[in-house]
Amino acid sequence: MIDLIERLSLLKGVSGDEAAVAEFIMKEIDGHCEYHIDNVGNLLVLKKGAKRPKKKVLLAAHMDEVGFIITYIDDSGLLKFSTVGGIDSRVIIGKSVLVGDNGVYGVIGARPVHLLEAAEKDKVIETDALYIDIGAKDKAEAEQYVRMGDRAVYDSDFVHFGDGMIKARALDDRAGCAILIDMIKGELEYDTWFAFTVQEEIGTVGAKTAAFAADPDCAIVVETTTAGDVGGVPDAKKVCSVGKGPVVGFMDRGTIYDSGLYQLAMEIGSKENIPVQTKEGVYGGNDSRSIQCSRGGVRCIAVSMPCRYLHSPSCVLKITDIEHTRALVARLSREMSALD
């Protein structure tokens with residue numbers, strides 16, 4: 001499954017431009033299930049199991065990643081851009097990017113520090129003050145390679161390092177997509193619905209139509225979430241830690257999760273010797289916020305992999321956390337399908 005995550009993480013799929021990711025997934029799952037693309041670009045899947053479920057369960061993971069969109073080309077050939085999704089401008093200055101379908105190489109730049117006023121040096125540089133340099137001599141040359149509205153992604157390799165760690169861009173949420181693909185390609189006890197959603201990073205847009213179409217009773221959102229277990233962060237603000245297993249939250253800024261499903265996930269972890277941790281704080285959000293409101297309402301739970309440096313060029317996951325998340329999601333889906 002780690003090889004699958006690597007191949008997924010190297011695909012370009014900024015919100016609203018997820019077609020390459022959807023195409024890859026369809027090739028992986030072809031022959032294992034029924035599937036189709038809806039009008040906004042979600043990939044919706046029905047995987048037949050050995051039995052029909054008492055409760056219709058939907059598993060969701062988003063295909064899109066954060067990135068950049070080109071908004072202006074100035075006379076010198078530099079590209080102005082806006083961020084797509086939640087990106088901290090402090091992590092992007094000097095980073096390499098790939099622009100457009102052809103992957104034009106560029107570097108995110110800013111005014112040199114020696115030209116800043118004293119007051120400016122103590123402030124975080126806003127995205128509006130940054131630009132992408134593709135090495136063009138002027139606007140006319142830049143326009144030969146880049147168009148307004150082109151997306152850009154971090155230029156970041158997939159790397160194994162340390163004690164079973166992996167680093168890449170877009171692990172949020174290509175790692176979740178890989179878990180769903182792996183389940184679809186295997187045998188399931190119950191018929192199960194899957195949604196590979198679009199535009200999660202700009203407001204959980206795709207999940208709205210995916211949940212309406214699938215009409216589930218319950219849903220599991222398979223995600224990543226920010227791990228703050230790094231130097232200088234007090235224990236009360238770490239939220240979760242890499243290496244301690246999947247994260248099951250009780251609340252975030254978009255969803256109050258179903259308390260029965262939360263308890264069920266914890267019980268499964270205890271019975272199956274799967275390490276499970278709680279999200280220690282109310283932060284972030286995911287597709288659950290849209291899925292829970294669909295039609296007459298959907299019971300939702302999110303199972304997330306703890307990820308350091310989320311939304312940066314260097315997202316970091318631990319392989320054992322991925323494996324334990326896969327195990328918990330499979331068992332939780334089976335138990336939810338049999339609920340009265």
# chains A, B, ... in the order shown; residues from 1 in each chain; ligands from 1
call {"tool": "select_by_dssp", "arguments": {"residues": "region 85-333 of chain A", "states": "strand (DSSP E)", "output": "PyMOL selection string"}}
result
chain A and resi 96-99+104-109+131-133+151-154+159-161+165-168+192-197+218-226+247-248+277-278+299-307+315-318
call {"tool": "select_by_dssp", "arguments": {"residues": "region 9-253 of chain A", "states": "helix (DSSP H, G or I)", "output": "short mmCIF file (atom, residue, chain, number, x, y, z; two decimals) with N, CA and C atoms, in the first residue's frame"}}
result
data_model
loop_
_atom_site.label_atom_id
_atom_site.label_comp_id
_atom_site.auth_asym_id
_atom_site.auth_seq_id
_atom_site.Cartn_x
_atom_site.Cartn_y
_atom_site.Cartn_z
N SER A 9 0.67 10.26 -4.44
CA SER A 9 1.16 11.55 -3.93
C SER A 9 1.90 12.35 -4.99
N ALA A 19 -8.78 15.57 -12.00
CA ALA A 19 -9.06 14.54 -13.01
C ALA A 19 -7.96 13.49 -13.11
N ALA A 20 -6.70 13.90 -12.98
CA ALA A 20 -5.60 12.93 -13.10
C ALA A 20 -5.64 11.91 -11.96
N VAL A 21 -6.03 12.37 -10.78
CA VAL A 21 -6.13 11.47 -9.63
C VAL A 21 -7.29 10.50 -9.83
N ALA A 22 -8.43 11.01 -10.27
CA ALA A 22 -9.59 10.16 -10.52
C ALA A 22 -9.28 9.11 -11.58
N GLU A 23 -8.59 9.51 -12.64
CA GLU A 23 -8.24 8.58 -13.71
C GLU A 23 -7.35 7.47 -13.19
N PHE A 24 -6.37 7.82 -12.37
CA PHE A 24 -5.48 6.83 -11.78
C PHE A 24 -6.26 5.84 -10.92
N ILE A 25 -7.15 6.35 -10.07
CA ILE A 25 -7.92 5.48 -9.18
C ILE A 25 -8.82 4.54 -9.96
N MET A 26 -9.45 5.06 -11.02
CA MET A 26 -10.33 4.21 -11.82
C MET A 26 -9.56 3.03 -12.44
N LYS A 27 -8.35 3.29 -12.87
CA LYS A 27 -7.53 2.20 -13.43
C LYS A 27 -7.19 1.16 -12.36
N GLU A 28 -6.98 1.62 -11.12
CA GLU A 28 -6.64 0.72 -10.03
C GLU A 28 -7.81 -0.17 -9.62
N ILE A 29 -9.03 0.39 -9.63
CA ILE A 29 -10.18 -0.35 -9.11
C ILE A 29 -11.01 -1.03 -10.20
N SER A 89 1.76 31.04 4.61
CA SER A 89 2.75 31.67 3.72
C SER A 89 4.18 31.51 4.23
N ARG A 90 4.34 31.23 5.53
CA ARG A 90 5.70 31.08 6.07
C ARG A 90 6.41 29.85 5.54
N VAL A 91 5.66 28.85 5.07
CA VAL A 91 6.30 27.60 4.64
C VAL A 91 6.58 27.55 3.15
N VAL A 113 15.36 40.44 1.77
CA VAL A 113 15.22 40.92 3.15
C VAL A 113 15.90 42.27 3.36
N HIS A 114 17.00 42.55 2.64
CA HIS A 114 17.71 43.82 2.85
C HIS A 114 16.97 45.02 2.28
N LEU A 115 15.89 44.76 1.53
CA LEU A 115 15.07 45.85 1.00
C LEU A 115 13.81 46.10 1.83
N ALA A 118 12.28 48.15 8.53
CA ALA A 118 12.47 47.49 9.82
C ALA A 118 11.17 46.88 10.34
N ALA A 119 10.06 47.61 10.20
CA ALA A 119 8.78 47.10 10.70
C ALA A 119 8.32 45.88 9.93
N GLU A 120 8.68 45.80 8.63
CA GLU A 120 8.25 44.68 7.81
C GLU A 120 8.97 43.39 8.18
N LYS A 121 10.19 43.51 8.70
CA LYS A 121 10.99 42.32 9.00
C LYS A 121 10.39 41.48 10.13
N THR A 127 0.70 36.40 1.29
CA THR A 127 0.78 35.75 -0.02
C THR A 127 0.74 36.77 -1.15
N ASP A 128 0.01 37.86 -0.96
CA ASP A 128 -0.09 38.88 -2.00
C ASP A 128 1.27 39.48 -2.37
N ALA A 129 2.22 39.40 -1.45
CA ALA A 129 3.54 39.97 -1.70
C ALA A 129 4.50 38.97 -2.35
N LYS A 139 6.74 39.18 -19.90
CA LYS A 139 5.38 38.66 -19.88
C LYS A 139 5.08 37.80 -21.11
N ALA A 140 5.52 38.24 -22.27
CA ALA A 140 5.24 37.50 -23.51
C ALA A 140 5.82 36.09 -23.46
N GLU A 141 7.03 35.95 -22.92
CA GLU A 141 7.62 34.62 -22.83
C GLU A 141 6.89 33.76 -21.81
N ALA A 142 6.54 34.36 -20.66
CA ALA A 142 5.82 33.60 -19.63
C ALA A 142 4.49 33.08 -20.16
N LEU A 171 0.02 13.97 0.90
CA LEU A 171 -0.39 12.81 1.72
C LEU A 171 -1.78 13.06 2.30
N ASP A 172 -2.13 14.32 2.45
CA ASP A 172 -3.50 14.75 2.76
C ASP A 172 -4.21 14.99 1.43
N ASP A 173 -5.01 14.09 0.88
CA ASP A 173 -5.45 12.89 1.53
C ASP A 173 -5.24 11.69 0.62
N ARG A 174 -4.12 11.69 -0.11
CA ARG A 174 -3.87 10.54 -0.98
C ARG A 174 -3.63 9.27 -0.16
N ALA A 175 -3.15 9.43 1.09
CA ALA A 175 -3.02 8.25 1.95
C ALA A 175 -4.39 7.66 2.25
N GLY A 176 -5.38 8.52 2.49
CA GLY A 176 -6.74 8.04 2.69
C GLY A 176 -7.30 7.37 1.44
N CYS A 177 -7.02 7.96 0.27
CA CYS A 177 -7.45 7.35 -0.99
C CYS A 177 -6.86 5.96 -1.15
N ALA A 178 -5.59 5.80 -0.78
CA ALA A 178 -4.94 4.50 -0.92
C ALA A 178 -5.60 3.45 -0.04
N ILE A 179 -6.00 3.83 1.17
CA ILE A 179 -6.69 2.88 2.05
C ILE A 179 -8.00 2.43 1.43
N LEU A 180 -8.76 3.36 0.86
CA LEU A 180 -10.02 2.99 0.22
C LEU A 180 -9.80 2.10 -1.00
N ILE A 181 -8.80 2.42 -1.81
CA ILE A 181 -8.48 1.58 -2.97
C ILE A 181 -8.15 0.16 -2.52
N ASP A 182 -7.33 0.06 -1.47
CA ASP A 182 -6.93 -1.26 -0.97
C ASP A 182 -8.14 -2.07 -0.51
N MET A 183 -9.10 -1.42 0.13
CA MET A 183 -10.31 -2.11 0.56
C MET A 183 -11.16 -2.55 -0.63
N ILE A 184 -11.28 -1.69 -1.64
CA ILE A 184 -12.08 -2.01 -2.82
C ILE A 184 -11.50 -3.21 -3.56
N GLU A 200 -12.36 19.25 -1.34
CA GLU A 200 -12.47 19.25 0.12
C GLU A 200 -11.74 20.45 0.72
N GLU A 201 -10.61 20.80 0.14
CA GLU A 201 -9.75 21.82 0.72
C GLU A 201 -10.31 23.23 0.65
N ILE A 202 -11.36 23.43 -0.16
CA ILE A 202 -11.93 24.77 -0.26
C ILE A 202 -13.36 24.82 0.30
N VAL A 205 -16.69 20.74 -0.74
CA VAL A 205 -17.70 20.93 -1.79
C VAL A 205 -18.19 19.60 -2.34
N GLY A 206 -17.26 18.74 -2.77
CA GLY A 206 -17.65 17.49 -3.42
C GLY A 206 -18.44 16.56 -2.53
N ALA A 207 -18.14 16.57 -1.23
CA ALA A 207 -18.82 15.67 -0.30
C ALA A 207 -20.32 15.92 -0.26
N LYS A 208 -20.74 17.15 -0.54
CA LYS A 208 -22.17 17.47 -0.51
C LYS A 208 -22.93 16.64 -1.54
N THR A 209 -22.43 16.63 -2.77
CA THR A 209 -23.14 15.89 -3.81
C THR A 209 -22.90 14.39 -3.69
N ALA A 210 -21.70 14.00 -3.24
CA ALA A 210 -21.40 12.57 -3.09
C ALA A 210 -22.32 11.92 -2.07
N ALA A 211 -22.51 12.58 -0.92
CA ALA A 211 -23.36 12.02 0.12
C ALA A 211 -24.83 12.01 -0.31
N PHE A 212 -25.25 13.05 -1.03
CA PHE A 212 -26.64 13.09 -1.50
C PHE A 212 -26.90 11.93 -2.44
N ALA A 213 -25.94 11.64 -3.33
CA ALA A 213 -26.12 10.55 -4.30
C ALA A 213 -26.09 9.19 -3.62
N ALA A 214 -25.16 9.00 -2.69
CA ALA A 214 -25.02 7.68 -2.05
C ALA A 214 -26.13 7.42 -1.04
N ASP A 235 2.21 19.97 25.67
CA ASP A 235 1.40 18.75 25.52
C ASP A 235 -0.06 19.04 25.19
N ALA A 236 -0.60 20.09 25.80
CA ALA A 236 -2.02 20.40 25.61
C ALA A 236 -2.34 20.89 24.20
N LYS A 237 -1.31 21.23 23.42
CA LYS A 237 -1.52 21.76 22.07
C LYS A 237 -1.05 20.80 20.98
#
call {"tool": "residues_around", "arguments": {"residues": "Asn286 (chain A)", "least_positions_apart": "4", "cutoff": "10 Å", "atoms": "only C-alpha atoms", "output": "ChimeraX atom specification"}}
result
/A:61-62,200-201,203-204,207,221-225,252-255,290-291,302
call {"tool": "write_last_selection", "arguments": {"atoms": "C-alpha atoms", "output": "short mmCIF file (atom, residue, chain, number, x, y, z; two decimals), in the first residue's frame"}}
result
data_model
loop_
_atom_site.label_atom_id
_atom_site.label_comp_id
_atom_site.auth_asym_id
_atom_site.auth_seq_id
_atom_site.Cartn_x
_atom_site.Cartn_y
_atom_site.Cartn_z
CA ALA A 61 -11.49 10.28 1.15
CA HIS A 62 -10.71 13.43 -0.81
CA GLU A 200 -12.47 19.25 0.12
CA GLU A 201 -9.75 21.82 0.72
CA GLY A 203 -15.01 23.92 1.80
CA THR A 204 -15.87 20.20 1.47
CA ALA A 207 -18.82 15.67 -0.30
CA VAL A 221 -14.22 9.90 6.56
CA VAL A 222 -10.66 8.59 6.15
CA GLU A 223 -8.30 11.52 6.54
CA THR A 224 -5.06 12.96 7.86
CA THR A 225 -4.90 15.45 10.70
CA ASP A 252 -13.73 19.66 15.17
CA ARG A 253 -14.65 23.05 13.72
CA GLY A 254 -17.14 21.54 11.29
CA THR A 255 -18.57 18.47 12.98
CA SER A 290 -21.06 18.20 4.54
CA ILE A 291 -21.87 14.50 4.74
CA ALA A 302 -13.61 10.52 11.03
#
call {"tool": "closest_residue", "arguments": {"among": "A:Leu8, A:Val303, A:Val248, A:Val104", "to": "Met63 (chain A)", "atoms": "only C-alpha atoms"}}
result
A:Leu8
call {"tool": "closest_residue", "arguments": {"among": "A:Leu59, A:Gly243, A:Gly86, A:Ile70", "to": "Asp287 (chain A)", "atoms": "only C-alpha atoms"}}
result
A:Leu59
call {"tool": "closest_residue", "arguments": {"among": "A:Gly13, A:Gly149, A:Gly106, A:Gly260", "to": "Tyr72 (chain A)", "atoms": "only C-alpha atoms"}}
result
A:Gly149
call {"tool": "residues_around", "arguments": {"residues": "Pro313 (chain A)", "least_positions_apart": "5", "cutoff": "8 Å", "atoms": "only C-alpha atoms", "output": "JSON, numbers by chain"}}
result
{"A": [154, 155, 156, 168, 169, 170]}
call {"tool": "atom_distance", "arguments": {"atom1": "CA of Val84 (chain A)", "atom2": "CA of Pro246 (chain A)"}}
result
26.7 Å
call {"tool": "decode", "arguments": {"residues": "region 202-215 of chain A", "atoms": "all heavy atoms", "output": "PDB file, in the first residue's frame"}}
result
ATOM      1  N   ILE A 202     -11.358  23.430  -0.159  1.00  0.00           N
ATOM      2  CA  ILE A 202     -11.935  24.772  -0.257  1.00  0.00           C
ATOM      3  C   ILE A 202     -13.357  24.823   0.304  1.00  0.00           C
ATOM      4  O   ILE A 202     -14.127  25.727  -0.018  1.00  0.00           O
ATOM      5  CB  ILE A 202     -11.918  25.287  -1.704  1.00  0.00           C
ATOM      6  CG1 ILE A 202     -12.741  24.395  -2.637  1.00  0.00           C
ATOM      7  CG2 ILE A 202     -10.494  25.411  -2.214  1.00  0.00           C
ATOM      8  CD1 ILE A 202     -13.071  25.052  -3.966  1.00  0.00           C
ATOM      9  N   GLY A 203     -13.703  23.857   1.154  1.00  0.00           N
ATOM     10  CA  GLY A 203     -15.008  23.916   1.801  1.00  0.00           C
ATOM     11  C   GLY A 203     -15.836  22.662   1.691  1.00  0.00           C
ATOM     12  O   GLY A 203     -17.065  22.719   1.742  1.00  0.00           O
ATOM     13  N   THR A 204     -15.191  21.505   1.537  1.00  0.00           N
ATOM     14  CA  THR A 204     -15.868  20.198   1.473  1.00  0.00           C
ATOM     15  C   THR A 204     -16.995  20.197   0.436  1.00  0.00           C
ATOM     16  O   THR A 204     -18.093  19.712   0.685  1.00  0.00           O
ATOM     17  CB  THR A 204     -16.385  19.754   2.854  1.00  0.00           C
ATOM     18  OG1 THR A 204     -17.443  20.601   3.309  1.00  0.00           O
ATOM     19  CG2 THR A 204     -15.262  19.783   3.887  1.00  0.00           C
ATOM     20  N   VAL A 205     -16.692  20.744  -0.741  1.00  0.00           N
ATOM     21  CA  VAL A 205     -17.697  20.933  -1.785  1.00  0.00           C
ATOM     22  C   VAL A 205     -18.188  19.597  -2.341  1.00  0.00           C
ATOM     23  O   VAL A 205     -19.391  19.338  -2.436  1.00  0.00           O
ATOM     24  CB  VAL A 205     -17.125  21.810  -2.924  1.00  0.00           C
ATOM     25  CG1 VAL A 205     -18.112  21.895  -4.085  1.00  0.00           C
ATOM     26  CG2 VAL A 205     -16.799  23.206  -2.398  1.00  0.00           C
ATOM     27  N   GLY A 206     -17.259  18.735  -2.772  1.00  0.00           N
ATOM     28  CA  GLY A 206     -17.652  17.495  -3.419  1.00  0.00           C
ATOM     29  C   GLY A 206     -18.442  16.558  -2.527  1.00  0.00           C
ATOM     30  O   GLY A 206     -19.313  15.821  -3.000  1.00  0.00           O
ATOM     31  N   ALA A 207     -18.138  16.573  -1.234  1.00  0.00           N
ATOM     32  CA  ALA A 207     -18.816  15.671  -0.304  1.00  0.00           C
ATOM     33  C   ALA A 207     -20.322  15.923  -0.256  1.00  0.00           C
ATOM     34  O   ALA A 207     -21.097  15.007   0.037  1.00  0.00           O
ATOM     35  CB  ALA A 207     -18.217  15.815   1.097  1.00  0.00           C
ATOM     36  N   LYS A 208     -20.740  17.153  -0.541  1.00  0.00           N
ATOM     37  CA  LYS A 208     -22.167  17.468  -0.507  1.00  0.00           C
ATOM     38  C   LYS A 208     -22.931  16.636  -1.538  1.00  0.00           C
ATOM     39  O   LYS A 208     -23.955  16.026  -1.227  1.00  0.00           O
ATOM     40  CB  LYS A 208     -22.382  18.961  -0.775  1.00  0.00           C
ATOM     41  CG  LYS A 208     -21.789  19.883   0.279  1.00  0.00           C
ATOM     42  CD  LYS A 208     -21.966  21.348  -0.106  1.00  0.00           C
ATOM     43  CE  LYS A 208     -21.295  22.256   0.910  1.00  0.00           C
ATOM     44  NZ  LYS A 208     -21.419  23.692   0.552  1.00  0.00           N
ATOM     45  N   THR A 209     -22.430  16.631  -2.771  1.00  0.00           N
ATOM     46  CA  THR A 209     -23.143  15.886  -3.812  1.00  0.00           C
ATOM     47  C   THR A 209     -22.898  14.392  -3.694  1.00  0.00           C
ATOM     48  O   THR A 209     -23.792  13.595  -4.005  1.00  0.00           O
ATOM     49  CB  THR A 209     -22.719  16.383  -5.208  1.00  0.00           C
ATOM     50  OG1 THR A 209     -21.312  16.208  -5.374  1.00  0.00           O
ATOM     51  CG2 THR A 209     -23.062  17.844  -5.390  1.00  0.00           C
ATOM     52  N   ALA A 210     -21.696  13.996  -3.240  1.00  0.00           N
ATOM     53  CA  ALA A 210     -21.399  12.567  -3.094  1.00  0.00           C
ATOM     54  C   ALA A 210     -22.324  11.923  -2.067  1.00  0.00           C
ATOM     55  O   ALA A 210     -22.875  10.839  -2.298  1.00  0.00           O
ATOM     56  CB  ALA A 210     -19.946  12.375  -2.685  1.00  0.00           C
ATOM     57  N   ALA A 211     -22.509  12.578  -0.921  1.00  0.00           N
ATOM     58  CA  ALA A 211     -23.365  12.021   0.118  1.00  0.00           C
ATOM     59  C   ALA A 211     -24.830  12.014  -0.311  1.00  0.00           C
ATOM     60  O   ALA A 211     -25.575  11.077  -0.005  1.00  0.00           O
ATOM     61  CB  ALA A 211     -23.197  12.812   1.416  1.00  0.00           C
ATOM     62  N   PHE A 212     -25.251  13.052  -1.028  1.00  0.00           N
ATOM     63  CA  PHE A 212     -26.636  13.089  -1.496  1.00  0.00           C
ATOM     64  C   PHE A 212     -26.904  11.930  -2.441  1.00  0.00           C
ATOM     65  O   PHE A 212     -27.948  11.269  -2.369  1.00  0.00           O
ATOM     66  CB  PHE A 212     -26.920  14.416  -2.198  1.00  0.00           C
ATOM     67  CG  PHE A 212     -28.364  14.603  -2.554  1.00  0.00           C
ATOM     68  CD1 PHE A 212     -29.250  15.183  -1.658  1.00  0.00           C
ATOM     69  CD2 PHE A 212     -28.854  14.174  -3.786  1.00  0.00           C
ATOM     70  CE1 PHE A 212     -30.594  15.348  -1.985  1.00  0.00           C
ATOM     71  CE2 PHE A 212     -30.188  14.326  -4.120  1.00  0.00           C
ATOM     72  CZ  PHE A 212     -31.068  14.916  -3.226  1.00  0.00           C
ATOM     73  N   ALA A 213     -25.938  11.641  -3.326  1.00  0.00           N
ATOM     74  CA  ALA A 213     -26.121  10.555  -4.297  1.00  0.00           C
ATOM     75  C   ALA A 213     -26.090   9.188  -3.624  1.00  0.00           C
ATOM     76  O   ALA A 213     -26.896   8.307  -3.946  1.00  0.00           O
ATOM     77  CB  ALA A 213     -25.037  10.640  -5.373  1.00  0.00           C
ATOM     78  N   ALA A 214     -25.164   8.995  -2.695  1.00  0.00           N
ATOM     79  CA  ALA A 214     -25.022   7.684  -2.050  1.00  0.00           C
ATOM     80  C   ALA A 214     -26.129   7.417  -1.041  1.00  0.00           C
ATOM     81  O   ALA A 214     -26.523   6.274  -0.819  1.00  0.00           O
ATOM     82  CB  ALA A 214     -23.664   7.583  -1.368  1.00  0.00           C
ATOM     83  N   ASP A 215     -26.646   8.468  -0.399  1.00  0.00           N
ATOM     84  CA  ASP A 215     -27.723   8.368   0.599  1.00  0.00           C
ATOM     85  C   ASP A 215     -27.405   7.339   1.690  1.00  0.00           C
ATOM     86  O   ASP A 215     -28.176   6.394   1.911  1.00  0.00           O
ATOM     87  CB  ASP A 215     -29.036   8.018  -0.106  1.00  0.00           C
ATOM     88  CG  ASP A 215     -30.245   8.139   0.819  1.00  0.00           C
ATOM     89  OD1 ASP A 215     -30.129   8.825   1.864  1.00  0.00           O
ATOM     90  OD2 ASP A 215     -31.289   7.549   0.507  1.00  0.00           O
TER      91      ASP A 215
END
